[in-house]
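Colleague: Following this line is input_15.txt, made up of compact mmCIF, C-alpha atoms:
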# COMPACT_ATOMS: atom_id res chain seq x y z
CA MET U 361 0.00 0.00 0.00
CA GLY U 362 1.30 3.44 -0.90
CA THR U 363 0.35 7.03 -0.25
CA VAL U 364 -0.63 9.84 -2.56
CA GLN U 365 2.18 12.04 -3.74
CA LEU U 366 1.13 15.61 -3.05
CA LEU U 367 1.38 17.62 -6.23
CA GLY U 368 0.91 21.21 -7.18
CA LYS U 369 0.32 24.45 -5.33
CA ILE U 370 -2.09 24.52 -2.43
CA ALA U 371 -5.16 26.56 -3.26
CA LYS U 372 -8.62 27.40 -2.02
CA TYR U 373 -11.21 25.38 -3.87
CA PHE U 374 -14.61 27.06 -3.70
CA VAL U 375 -17.26 24.39 -3.30
CA LYS U 376 -20.25 26.63 -2.52
CA PRO U 377 -20.78 30.40 -2.60
CA GLY U 378 -18.70 31.93 0.19
CA LYS U 379 -17.25 28.59 1.31
CA SER U 380 -13.99 26.90 0.35
CA ILE U 381 -11.64 24.07 1.29
CA LEU U 382 -7.86 23.77 0.88
CA ALA U 383 -6.79 21.44 -1.90
CA HIS U 384 -4.08 21.01 -4.53
CA THR U 385 -4.38 22.56 -7.95
CA GLN U 386 -3.21 19.17 -9.27
CA PRO U 387 -4.76 16.68 -6.84
CA GLN U 388 -3.63 13.07 -7.21
CA GLN U 389 -6.77 10.94 -7.65
CA ALA U 390 -5.18 7.68 -6.58
CA GLU U 391 -6.43 4.72 -4.58
CA PHE U 392 -4.45 5.73 -1.50
CA PHE U 393 -3.78 8.91 0.40
CA SER U 394 -2.28 9.66 3.80
CA CYS U 395 -3.63 12.20 6.26
CA THR U 396 -2.32 12.45 9.81
CA MET U 397 -2.96 14.89 12.64
CA LYS U 398 -0.18 16.20 14.87
CA ASN U 399 -1.14 17.39 18.33
CA GLY U 400 -4.76 17.74 17.23
CA ALA U 401 -3.92 19.92 14.21
CA LEU U 402 -3.36 19.51 10.46
CA THR U 403 -0.39 20.85 8.53
CA ARG U 404 -1.27 22.75 5.36
CA GLU U 405 -0.10 19.80 3.26
CA THR U 406 -2.27 17.28 5.08
CA GLN U 407 -5.19 19.75 5.10
CA ALA U 408 -4.84 19.98 1.33
CA ALA U 409 -4.73 16.17 1.12
CA LEU U 410 -7.95 16.09 3.13
CA GLY U 411 -9.45 18.56 0.65
CA ASP U 412 -8.35 16.34 -2.24
CA ALA U 413 -10.02 13.35 -0.60
CA SER U 414 -13.22 15.34 -0.03
CA LEU U 415 -13.42 16.30 -3.71
CA PHE U 416 -12.70 12.71 -4.75
CA VAL U 417 -15.42 11.27 -2.48
CA GLU U 418 -17.96 13.87 -3.62
CA ASN U 419 -17.32 12.99 -7.27
CA LEU U 420 -17.70 9.28 -6.47
CA LEU U 421 -21.01 9.90 -4.68
CA LYS U 422 -22.23 11.98 -7.60
CA THR U 423 -21.73 9.02 -9.95
CA GLN U 424 -23.34 6.58 -7.49
CA GLN U 425 -26.43 8.66 -6.71
CA PRO U 426 -28.73 7.89 -9.69
CA VAL U 427 -28.77 4.12 -9.07
CA ALA U 428 -29.12 4.52 -5.30
CA LYS U 429 -31.94 7.03 -5.74
CA GLN U 430 -33.84 4.68 -8.05
CA GLU U 431 -33.46 1.89 -5.50
CA VAL U 432 -35.12 4.00 -2.77
CA LEU U 433 -37.88 5.11 -5.16
CA SER U 434 -38.57 1.50 -6.14
CA LEU U 435 -38.88 0.52 -2.48
CA PHE U 436 -41.11 3.30 -1.17
CA ASP U 437 -42.53 5.56 -3.89
CA ASN U 438 -45.54 3.32 -4.55
CA LEU U 439 -46.79 3.41 -0.94
CA GLY U 440 -49.98 5.38 -0.33
CA SER U 441 -48.76 6.70 3.04
CA VAL U 442 -45.62 8.22 1.52
CA LYS U 443 -45.97 11.88 0.61
CA GLN U 444 -42.52 12.61 -0.79
CA ILE U 445 -39.07 11.10 -1.27
CA GLN U 446 -35.97 13.30 -1.20
CA ASN U 447 -32.48 12.26 -2.27
CA ARG U 448 -29.10 13.95 -2.48
CA TYR U 449 -25.39 13.20 -2.34
CA LYS U 450 -23.14 14.85 0.25
CA GLY U 451 -21.05 17.81 -0.94
CA ALA U 452 -17.28 18.26 -0.55
CA LEU U 453 -17.54 20.85 2.23
CA SER U 454 -19.73 18.60 4.37
CA ILE U 455 -17.50 15.61 3.54
CA GLU U 456 -14.39 17.49 4.67
CA THR U 457 -16.07 18.40 7.98
CA LYS U 458 -17.04 14.78 8.59
CA LEU U 459 -13.60 13.45 7.59
CA LEU U 460 -11.93 15.87 9.97
CA ARG U 461 -14.31 14.78 12.75
CA GLY U 462 -13.53 11.14 11.96
CA LEU U 463 -9.82 11.91 11.93
CA LYS U 464 -10.04 13.42 15.42
CA LYS U 465 -11.90 10.34 16.66
CA ALA U 466 -9.55 7.86 14.98
CA GLU U 467 -7.44 5.86 17.41
CA ASN U 468 -4.17 6.65 15.65
CA GLN U 469 -5.48 9.90 14.12
CA THR U 470 -4.54 8.72 10.64
CA PHE U 471 -6.31 7.88 7.40
CA THR U 472 -4.13 5.61 5.31
CA SER U 473 -6.33 4.92 2.28
CA MET U 474 -9.06 6.44 0.20
CA ASN U 475 -11.26 3.58 1.40
CA ASP U 476 -10.86 4.93 4.95
CA ALA U 477 -12.25 8.25 3.75
CA ILE U 478 -15.14 6.68 1.82
CA ALA U 479 -16.10 4.42 4.75
CA CYS U 480 -16.21 7.45 7.05
CA ILE U 481 -19.08 8.94 5.00
CA GLU U 482 -21.80 6.43 5.87
CA ASP U 483 -24.54 8.87 4.82
CA GLY U 484 -22.95 9.78 1.48
CA ILE U 485 -26.21 9.18 -0.39
CA GLY U 486 -28.96 10.63 1.79
CA SER U 487 -32.63 9.77 1.27
CA ARG U 488 -35.73 10.90 3.14
CA VAL U 489 -39.05 9.13 3.05
CA ILE U 490 -41.70 11.62 4.18
CA THR U 491 -44.97 10.07 5.39
CA GLN U 492 -48.45 11.58 5.28
CA SER U 493 -50.15 12.99 8.39
CA LEU U 494 -53.22 11.29 9.85
CA ASP U 495 -56.63 12.98 9.88
CA LYS U 496 -57.38 15.12 12.93
CA LEU U 497 -59.14 13.15 15.66
CA SER U 498 -62.46 14.34 17.09
CA LYS U 499 -63.11 14.55 20.84
CA SER U 500 -65.37 11.50 20.66
CA GLN U 501 -62.65 9.49 18.90
CA ILE U 502 -60.14 10.48 21.58
CA ASP U 503 -62.65 9.53 24.31
CA LYS U 504 -63.08 6.06 22.77
CA MET U 505 -59.30 5.58 22.60
CA ILE U 506 -58.91 6.58 26.26
CA ALA U 507 -61.72 4.19 27.27
CA ALA U 508 -59.99 1.35 25.40
CA GLN U 509 -56.87 1.73 27.59
CA ASN U 510 -58.56 0.07 30.61
CA LEU U 511 -57.19 2.67 33.03
CA SER U 512 -58.12 3.65 36.56
CA LYS U 513 -60.14 6.84 37.01
CA GLU U 514 -57.03 8.67 38.19
CA GLU U 515 -54.91 7.43 35.25
CA ALA U 516 -57.61 8.37 32.72
CA LEU U 517 -57.73 11.89 34.18
CA ILE U 518 -53.95 12.32 33.99
CA LEU U 519 -53.89 10.99 30.42
CA ARG U 520 -56.70 13.30 29.33
CA LYS U 521 -54.85 16.30 30.76
CA TYR U 522 -51.67 15.28 28.94
CA ILE U 523 -53.49 14.81 25.62
CA TYR U 524 -55.11 18.23 25.85
CA GLN U 525 -51.93 19.80 27.29
CA GLU U 526 -53.58 20.98 30.49
CA PRO U 527 -51.43 21.73 33.59
CA ILE U 528 -50.00 18.61 35.28
CA ALA U 529 -48.07 18.38 38.56
CA PRO U 530 -44.31 18.01 37.84
CA GLN U 531 -44.15 14.69 39.70
CA GLU U 532 -46.85 13.26 37.42
CA VAL U 533 -45.28 14.19 34.05
CA ASP U 534 -43.30 10.97 33.57
CA LYS U 535 -46.30 8.81 34.47
CA ALA U 536 -48.52 10.87 32.16
CA PHE U 537 -46.08 10.45 29.26
CA THR U 538 -45.93 6.67 29.77
CA LEU U 539 -49.73 6.56 29.55
CA PHE U 540 -49.70 8.87 26.52
CA GLU U 541 -47.08 6.74 24.75
CA GLU U 542 -49.30 3.65 24.99
CA PHE U 543 -52.39 5.68 24.01
CA ALA U 544 -50.66 7.04 20.88
CA ARG U 545 -48.99 3.76 19.86
CA PRO U 546 -51.79 2.72 17.43
CA LEU U 547 -51.50 6.12 15.73
CA VAL U 548 -47.72 5.83 15.40
CA GLU U 549 -48.05 2.33 13.97
CA THR U 550 -50.82 3.29 11.56
CA ARG U 551 -48.75 6.10 10.07
CA SER U 552 -45.57 4.01 9.77
CA LYS U 553 -47.05 0.58 8.98
CA GLU U 554 -46.47 0.59 5.22
CA VAL U 555 -42.82 1.68 5.40
CA VAL U 556 -42.01 -0.74 8.24
CA ASP U 557 -43.63 -3.64 6.34
CA GLN U 558 -41.70 -2.64 3.20
CA LEU U 559 -38.45 -2.57 5.19
CA THR U 560 -39.29 -5.99 6.67
CA LEU U 561 -39.85 -7.46 3.20
CA GLY U 562 -36.63 -5.94 1.87
CA ILE U 563 -34.58 -7.22 4.81
CA LEU U 564 -36.00 -10.74 4.50
CA LYS U 565 -35.42 -10.74 0.73
CA ASN U 566 -31.81 -9.65 1.31
CA ARG U 567 -31.26 -12.56 3.72
CA ILE U 568 -32.79 -15.02 1.23
CA THR U 569 -30.63 -13.62 -1.59
CA LYS U 570 -27.48 -14.00 0.56
CA GLY U 571 -28.42 -17.60 1.39
CA GLU U 572 -28.87 -16.90 5.13
CA THR U 573 -32.40 -18.29 5.19
CA THR U 574 -35.17 -19.59 2.95
CA LEU U 575 -38.81 -18.69 2.45
CA GLN U 576 -39.76 -22.07 3.93
CA GLU U 577 -37.69 -21.45 7.07
CA LEU U 578 -39.26 -18.01 7.52
CA GLU U 579 -42.74 -19.47 7.10
CA ASN U 580 -42.02 -22.30 9.57
CA SER U 581 -40.64 -19.87 12.17
CA GLY U 582 -44.07 -18.33 12.76
CA LEU U 583 -42.39 -14.99 13.51
CA PHE U 584 -44.07 -13.03 10.74
CA ARG U 585 -47.63 -12.23 9.80
CA ASP U 586 -49.25 -14.28 7.06
CA ASP U 587 -49.51 -11.24 4.77
CA ILE U 588 -45.74 -10.62 5.04
CA ILE U 589 -44.96 -14.23 4.05
CA LYS U 590 -47.55 -14.12 1.26
CA ARG U 591 -46.14 -10.89 -0.19
CA LEU U 592 -42.60 -12.23 0.06
CA SER U 593 -43.56 -15.31 -1.97
CA SER U 594 -45.81 -13.59 -4.53
CA GLU U 595 -44.28 -10.14 -5.13
CA ASP U 596 -41.05 -9.04 -6.82
CA VAL U 597 -39.47 -7.74 -3.61
CA LEU U 598 -36.35 -5.57 -3.81
CA PRO U 599 -33.70 -6.50 -1.19
CA ILE U 600 -32.35 -3.89 1.21
CA ASN U 601 -29.03 -4.23 3.06
CA ILE U 602 -29.27 -2.42 6.42
CA THR U 603 -26.19 -2.03 8.64
CA GLU U 604 -27.57 0.13 11.49
CA ILE U 605 -30.93 1.43 12.72
CA ASN U 606 -31.44 4.60 14.79
CA ASN U 607 -34.90 5.46 16.10
CA TYR U 608 -34.35 8.86 17.72
CA ARG U 609 -36.77 10.80 19.91
CA GLY U 610 -36.81 13.35 22.73
CA PRO U 611 -37.13 12.52 26.46
CA HIS U 612 -40.92 13.01 26.24
CA GLY U 613 -41.33 12.49 22.52
CA LEU U 614 -42.84 9.69 20.45
CA ALA U 615 -40.46 7.81 18.17
CA GLU U 616 -41.18 7.46 14.45
CA PHE U 617 -41.37 3.66 14.81
CA SER U 618 -43.00 1.99 17.83
CA ASN U 619 -41.34 -0.66 20.01
CA ASN U 620 -43.46 -3.29 18.25
CA GLN U 621 -42.20 -2.11 14.86
CA ILE U 622 -38.57 -2.10 16.04
CA ARG U 623 -39.12 -5.68 17.26
CA GLN U 624 -40.50 -6.60 13.83
CA LEU U 625 -37.39 -5.21 12.09
CA SER U 626 -35.13 -6.93 14.63
CA MET U 627 -36.77 -10.31 13.95
CA ALA U 628 -36.42 -9.75 10.20
CA LEU U 629 -32.70 -9.03 10.59
CA GLY U 630 -32.16 -12.22 12.61
CA GLU U 631 -30.37 -12.79 15.90
CA ASP U 632 -26.88 -13.05 14.37
CA SER U 633 -27.09 -10.07 12.02
CA GLY U 634 -24.72 -7.86 14.01
CA VAL U 635 -26.88 -4.84 13.09
CA VAL U 636 -26.92 -2.34 15.96
CA ILE U 637 -30.34 -0.89 16.78
CA ILE U 638 -30.26 2.41 18.68
CA SER U 639 -33.82 2.71 19.95
CA ASP U 640 -36.05 2.49 22.97
CA ALA U 641 -35.31 -1.21 23.07
CA ARG U 642 -37.82 -2.44 25.65
CA GLY U 643 -39.29 -4.74 23.00
CA LEU U 644 -35.95 -6.48 22.40
CA SER U 645 -35.44 -8.24 25.74
CA GLY U 646 -35.17 -11.59 24.01
CA ARG U 647 -32.23 -10.45 21.92
CA TRP U 648 -30.03 -8.44 24.28
CA SER U 649 -29.14 -8.26 27.96
CA ALA U 650 -30.83 -5.72 30.23
CA ASP U 651 -27.59 -3.68 30.44
CA LYS U 652 -27.24 -3.50 26.68
CA ILE U 653 -30.91 -2.57 26.24
CA GLU U 654 -30.46 0.29 28.70
CA LYS U 655 -27.35 1.51 26.83
CA LEU U 656 -29.01 1.37 23.41
CA SER U 657 -32.16 3.01 24.74
CA SER U 658 -30.28 5.93 26.33
CA LYS U 659 -28.40 6.62 23.08
CA SER U 660 -31.70 7.02 21.25
CA ILE U 661 -32.81 9.95 23.43
CA LYS U 662 -31.96 13.40 22.04
CA ASN U 663 -32.41 16.28 24.48
CA SER U 664 -33.36 18.69 21.70
CA GLY U 665 -36.28 16.44 20.77
CA TYR U 666 -34.70 15.52 17.41
CA ARG U 667 -36.80 12.70 16.04
CA THR U 668 -36.34 10.53 13.02
CA ALA U 669 -36.02 6.85 12.20
CA GLN U 670 -32.88 6.50 10.14
CA MET U 671 -30.79 3.61 8.94
CA ASN U 672 -27.44 3.13 7.32
CA VAL U 673 -27.63 1.02 4.17
CA ILE U 674 -25.35 -0.40 1.51
CA HIS U 675 -27.03 0.21 -1.82
CA GLN U 676 -26.97 -2.43 -4.53
CA ASN U 677 -24.22 -0.53 -6.38
CA GLY U 678 -22.05 -0.52 -3.23
CA ALA U 679 -22.77 3.10 -2.28
CA LEU U 680 -23.03 3.85 1.43
CA GLY U 681 -26.24 5.67 2.25
CA GLU U 682 -28.68 6.72 4.92
CA ILE U 683 -32.47 6.57 4.68
CA GLN U 684 -34.48 8.74 7.07
CA PHE U 685 -38.18 8.31 7.80
CA ARG U 686 -39.99 11.44 8.99
CA GLY U 687 -43.40 13.05 9.12
CA GLU U 688 -44.15 15.99 6.85
CA HIS U 689 -44.03 18.60 9.66
CA THR U 690 -41.20 17.20 11.80
CA ASN U 691 -39.14 16.91 8.62
CA ILE U 692 -39.36 20.67 8.14
CA ILE U 693 -38.42 21.61 11.70
CA GLY U 694 -35.64 19.01 11.51
CA GLU U 695 -34.10 21.05 8.71
CA TYR U 696 -33.72 24.29 10.64
CA GLU U 697 -33.37 22.84 14.15
CA HIS U 698 -30.34 21.12 12.63
CA ILE U 699 -28.67 24.54 12.48
CA ALA U 700 -28.06 24.42 16.22
CA TYR U 701 -26.83 20.82 15.88
CA ASP U 702 -24.36 21.81 13.15
CA LEU U 703 -23.04 24.62 15.35
CA ARG U 704 -22.50 22.23 18.26
CA LYS U 705 -20.62 19.86 15.93
CA ASP U 706 -18.45 22.68 14.49
CA LYS U 707 -19.79 21.99 11.03
CA ASN U 708 -18.41 24.64 8.71
CA THR U 709 -21.23 24.70 6.16
CA LEU U 710 -23.41 27.53 7.46
CA GLY U 711 -23.52 30.90 5.68
CA GLU U 712 -22.84 34.29 7.27
CA ILE U 713 -26.56 34.88 7.66
CA PHE U 714 -26.51 32.52 10.66
CA GLU U 715 -23.78 34.39 12.54
CA PRO U 716 -26.12 36.29 14.95
CA PHE U 717 -27.90 33.02 15.74
CA SER U 718 -24.54 31.28 16.20
CA GLN U 719 -23.35 33.90 18.67
CA ALA U 720 -26.59 33.68 20.65
CA VAL U 721 -26.24 29.88 20.96
CA LYS U 722 -22.61 30.15 22.08
CA LYS U 723 -23.51 32.66 24.83
CA LEU U 724 -26.06 30.36 26.48
CA SER U 725 -25.12 29.10 29.94
CA GLU U 726 -25.50 25.38 30.71
CA ASP U 727 -28.80 26.01 32.50
CA GLU U 728 -30.08 28.20 29.65
CA TYR U 729 -29.07 25.55 27.15
CA LYS U 730 -31.13 22.94 29.01
CA ILE U 731 -34.10 25.30 28.92
CA TYR U 732 -33.55 25.85 25.18
CA ASN U 733 -33.42 22.11 24.48
CA GLN U 734 -36.69 21.66 26.37
CA TYR U 735 -38.25 24.35 24.18
CA LEU U 736 -36.96 22.65 21.01
CA GLU U 737 -38.37 19.31 22.14
CA ASN U 738 -41.73 20.95 22.77
CA CYS U 739 -41.62 22.27 19.19
CA TYR U 740 -40.92 18.80 17.80
CA ASN U 741 -43.71 17.31 19.90
CA TYR U 742 -46.11 20.04 18.72
CA TYR U 743 -45.56 19.15 15.06
CA ASN U 744 -45.60 15.41 15.75
CA ARG U 745 -48.99 15.77 17.48
CA ILE U 746 -50.32 17.45 14.33
CA GLU U 747 -48.99 14.54 12.24
CA LEU U 748 -50.85 12.08 14.48
CA GLY U 749 -54.11 14.08 14.43
CA LEU U 750 -53.88 15.00 18.12
CA PRO U 751 -54.59 18.31 19.91
CA ALA U 752 -51.53 20.58 19.75
CA VAL U 753 -50.64 23.90 21.40
CA LYS U 754 -47.67 25.71 19.90
CA PRO U 755 -44.93 26.35 22.50
CA LYS U 756 -43.54 29.82 23.21
CA LEU U 757 -39.86 30.67 23.56
CA PRO U 758 -39.01 31.13 27.28
CA GLN U 759 -38.66 34.82 28.10
CA GLN U 760 -35.08 34.53 29.37
CA LEU U 761 -33.85 33.40 25.93
CA PRO U 762 -32.97 35.76 23.02
CA LYS U 763 -35.77 36.04 20.45
CA ILE U 764 -33.40 35.06 17.63
CA LEU U 765 -33.43 31.52 19.08
CA SER U 766 -37.17 31.07 18.56
CA GLU U 767 -38.45 28.39 16.20
CA GLU U 768 -39.99 31.11 14.02
CA SER U 769 -36.62 32.91 13.81
CA MET U 770 -34.77 29.69 12.94
CA LYS U 771 -37.26 28.97 10.18
CA ALA U 772 -36.94 32.51 8.78
CA LEU U 773 -33.11 32.29 8.78
CA TYR U 774 -33.22 28.89 7.09
CA GLU U 775 -35.60 30.10 4.38
CA ALA U 776 -33.64 33.34 3.81
CA ASN U 777 -30.39 31.40 3.48
CA HIS U 778 -32.02 28.91 1.09
CA THR U 779 -33.23 31.77 -1.12
CA LEU U 780 -29.81 33.47 -0.98
CA GLN U 781 -27.91 30.28 -1.86
CA LYS U 782 -30.19 29.58 -4.83
CA GLU U 783 -29.58 33.10 -6.11
CA LEU U 784 -25.81 32.87 -5.65
CA GLU U 785 -25.64 29.45 -7.30
CA LYS U 786 -27.08 30.81 -10.56
CA ASP U 787 -23.71 32.28 -11.56
CA PHE U 788 -21.49 30.20 -9.30
CA VAL U 789 -18.68 28.24 -10.93
CA ARG U 790 -16.26 26.22 -8.83
CA TYR U 791 -12.67 27.41 -9.16
CA PHE U 792 -9.23 27.40 -7.58
CA GLU U 793 -7.73 30.50 -6.06
CA ALA U 794 -4.05 30.66 -5.13
CA ALA U 795 -3.71 30.62 -1.36
Go through the file and emit its structure as structure tokens.

Modeller:
Amino acid sequence: MGTVQLLGKIAKYFVKPGKSILAHTQPQQAEFFSCTMKNGALTRETQAALGDASLFVENLLKTQQPVAKQEVLSLFDNLGSVKQIQNRYKGALSIETKLLRGLKKAENQTFTSMNDAIACIEDGIGSRVITQSLDKLSKSQIDKMIAAQNLSKEEALILRKYIYQEPIAPQEVDKAFTLFEEFARPLVETRSKEVVDQLTLGILKNRITKGETTLQELENSGLFRDDIIKRLSSEDVLPINITEINNYRGPHGLAEFSNNQIRQLSMALGEDSGVVIISDARGLSGRWSADKIEKLSSKSIKNSGYRTAQMNVIHQNGALGEIQFRGEHTNIIGEYEHIAYDLRKDKNTLGEIFEPFSQAVKKLSEDEYKIYNQYLENCYNYYNRIELGLPAVKPKLPQQLPKILSEESMKALYEANHTLQKELEKDFVRYFEAA
């Protein structure tokens, strides 16, 4: 194994209006490259090598995207509950940020091959499957659902207050959420049923294709519904190769997939799959120890309320990708709430328009930041309630926080930046500039 010979003058390579990376004017597009950190920093030469690798990976992803996109469309575009499918490949600037983050995490702080760089970008081809919202529930429908829970009079009262967002004693909030989670489970499963069943079919087909199991063995196991087995035997099912599942939610938020649905995907993957599932894993007690379940469950909780079901996949053309499953409203807030996430991760892809917001985030004390995360989770939960047809009261930014941090402000900044970038990209041509 060799390393790339660094050629040419180091230059700034502009990869988006106002944003650049260091690279070589004559980058060596070879199989191998070497990039090492010294005392937590990069020399200009290794920074340029990292830029070269970022450009190389972006170009590779660009060529891989059409086939990967068609694969995702074939899997999910025909489902009645799916509203929209989005797909994109990761750009060089974002790739460089992720490579640098991976380099800092690396045990020996060294990339020794281009394959190291490619493997670091697990979400190189990003897809989003956006599901339709449910119809708004009437009061009588909600009453029937509460009655079906077989609760005590006290529990029914607490649950009703939580559903209608009436004041609840602080010591009762956790109990109320547990009741609410079970109450809302049929709604969660109704909205996600088609995509979870499609994933189950694709996973099982992949295992059959790889020779890990047979249709007869799956049928004899009794683990899957009759309609799943019937569809698997009668339909032209496209296989899907999943390497990790993350089912994120806030501390008092509902996940995109229920525990029952995560159990269904786990059974489809098989006990020896090695696929890590980061989720509220209470439904997986037969697969993992109690300690491991607790660890995986805690990792799935995001204090900001960030919610999505996402999975790393290897597409049929070998491309590494990520498929996210979101509702139509939480998908939108996920776009601009991600601004704060990018800032916390030192992601250098935000335009100057976000600078006032950035400064406001950085000035928050630890206590203020906790309050802000609680506000963000309330915003996520507000939009998720709308998606499930439940009563929803829009949260207000706490008075002690700067107004620029409000959800409305974040959305306005995101939309203004989107408009500005589209305008700048009309005449934008990538180029080198001597550094």

Colleague: Choose the residue, out of U:Gly665, U:Ile602, U:Ser493, U:Thr538, that has the smallest atom-to-atom separation from Leu564 (chain U); count all atoms listed in the file.

Modeller: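 Closest to Leu564 (chain U) of all the choices is U:Ile602.
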
Colleague: Which residues of region 564-678 of chain U come within 10 Å of region 413-427 of chain U, and for each one, what is the closest pair of atoms and their distance in Å to one decimal, counting all atoms listed in the file, sorted by chain and residue number, as JSON lines?

Modeller:
{"residue": "U:His675", "atom": "CA", "partner": "U:Val427", "partner_atom": "CA", "distance": 8.4}
{"residue": "U:Gln676", "atom": "CA", "partner": "U:Val427", "partner_atom": "CA", "distance": 8.2}
{"residue": "U:Asn677", "atom": "CA", "partner": "U:Val427", "partner_atom": "CA", "distance": 7.0}
{"residue": "U:Gly678", "atom": "CA", "partner": "U:Gln424", "partner_atom": "CA", "distance": 8.4}

Colleague: Calculated over all atoms listed in the file, which of the candidates U:Val533, U:Leu784, U:Leu736, U:Ile506 has the smallest distance to Arg609 (chain U)?

Modeller: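 Distance minimum relative to Arg609 (chain U) lands on U:Leu736.
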
Colleague: Which one of U:Gln621, U:Thr668, U:Thr560, U:Ser434 sits closest to Arg591 (chain U) if you count only C-alpha atoms?

Modeller: U:Thr560

Colleague: Please indicate the distance in Å from CA of Leu539 (chain U) to CA of Asn691 (chain U), rounded to one decimal place.

Modeller: 25.6 Å

Colleague: Can you tell me how far CA of Asn566 (chain U) sits from CA of Ala628 (chain U), in Å to one decimal?

Modeller: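 Taking CA of Asn566 (chain U) and CA of Ala628 (chain U), their separation equals 10.0 Å.
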
Colleague: Name the closest residue to Gly694 (chain U) among the candidates U:Arg488, U:Lys570, U:Lys464, U:Lys756; distances are taken between atoms, counting only C-alpha atoms.

Modeller: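 Closest candidate: U:Arg488.
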
Colleague: Would you mind telling me which residue in U:Ser473, U:Thr406, U:Gln781, U:Gln670 lies nearest to Lys379 (chain U) when using only C-alpha atoms?

Modeller: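 Under the stated criterion, the closest residue is U:Gln781.
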
Colleague: Skipping near chain neighbours, those fewer than 2 positions away, what residues fall within 10 Å of Ile638 (chain U) using all atoms listed in the file, listed as a PDB file with C-alpha atoms, keeping the file's coordinate frame?

Modeller:
ATOM      1  CA  GLU U 604     -27.570   0.130  11.490  1.00  0.00           C
ATOM      2  CA  ILE U 605     -30.930   1.430  12.720  1.00  0.00           C
ATOM      3  CA  ASN U 606     -31.440   4.600  14.790  1.00  0.00           C
ATOM      4  CA  ASN U 607     -34.900   5.460  16.100  1.00  0.00           C
ATOM      5  CA  TYR U 608     -34.350   8.860  17.720  1.00  0.00           C
ATOM      6  CA  ILE U 622     -38.570  -2.100  16.040  1.00  0.00           C
ATOM      7  CA  VAL U 635     -26.880  -4.840  13.090  1.00  0.00           C
ATOM      8  CA  VAL U 636     -26.920  -2.340  15.960  1.00  0.00           C
ATOM      9  CA  ASP U 640     -36.050   2.490  22.970  1.00  0.00           C
ATOM     10  CA  ALA U 641     -35.310  -1.210  23.070  1.00  0.00           C
ATOM     11  CA  ILE U 653     -30.910  -2.570  26.240  1.00  0.00           C
ATOM     12  CA  LYS U 655     -27.350   1.510  26.830  1.00  0.00           C
ATOM     13  CA  LEU U 656     -29.010   1.370  23.410  1.00  0.00           C
ATOM     14  CA  SER U 657     -32.160   3.010  24.740  1.00  0.00           C
ATOM     15  CA  SER U 658     -30.280   5.930  26.330  1.00  0.00           C
ATOM     16  CA  LYS U 659     -28.400   6.620  23.080  1.00  0.00           C
ATOM     17  CA  SER U 660     -31.700   7.020  21.250  1.00  0.00           C
ATOM     18  CA  ILE U 661     -32.810   9.950  23.430  1.00  0.00           C
ATOM     19  CA  ALA U 669     -36.020   6.850  12.200  1.00  0.00           C
ATOM     20  CA  GLN U 670     -32.880   6.500  10.140  1.00  0.00           C
ATOM     21  CA  MET U 671     -30.790   3.610   8.940  1.00  0.00           C
TER      22      MET U 671
END

Colleague: Could you tell me which of U:Pro387, U:Pro762, U:Gly440, U:Gly630 comes closest to Lys369 (chain U) if we count only C-alpha atoms?

Modeller: U:Pro387

Colleague: Taking all atoms of region 457-463 of chain U that the file lists, what box with edges along x, y and z, padded by 6 Å per side, do you get, with centre and edge lengths in Å to one decimal, as lines of an AutoDock Vina configuration file?

Modeller:
center_x = -13.4
center_y = 14.8
center_z = 10.2
size_x = 19.2
size_y = 19.3
size_z = 17.2

Colleague: Measure the distance from CA of Ser498 (chain U) to CA of Leu757 (chain U) in Å and round it to one decimal.

Modeller: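 Distance between the two atoms: 28.6 Å.
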
Colleague: For Glu783 (chain U), work out the shell of residues within 12 Å, counting all atoms listed in the file and skipping chain neighbours fewer than 5 positions away, then give it as a list of chain:residue names.

Modeller: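 Counting all atoms listed in the file, the residues come to U:Lys376, U:Pro377, U:Ala776, U:Asn777, U:His778, U:Phe788.
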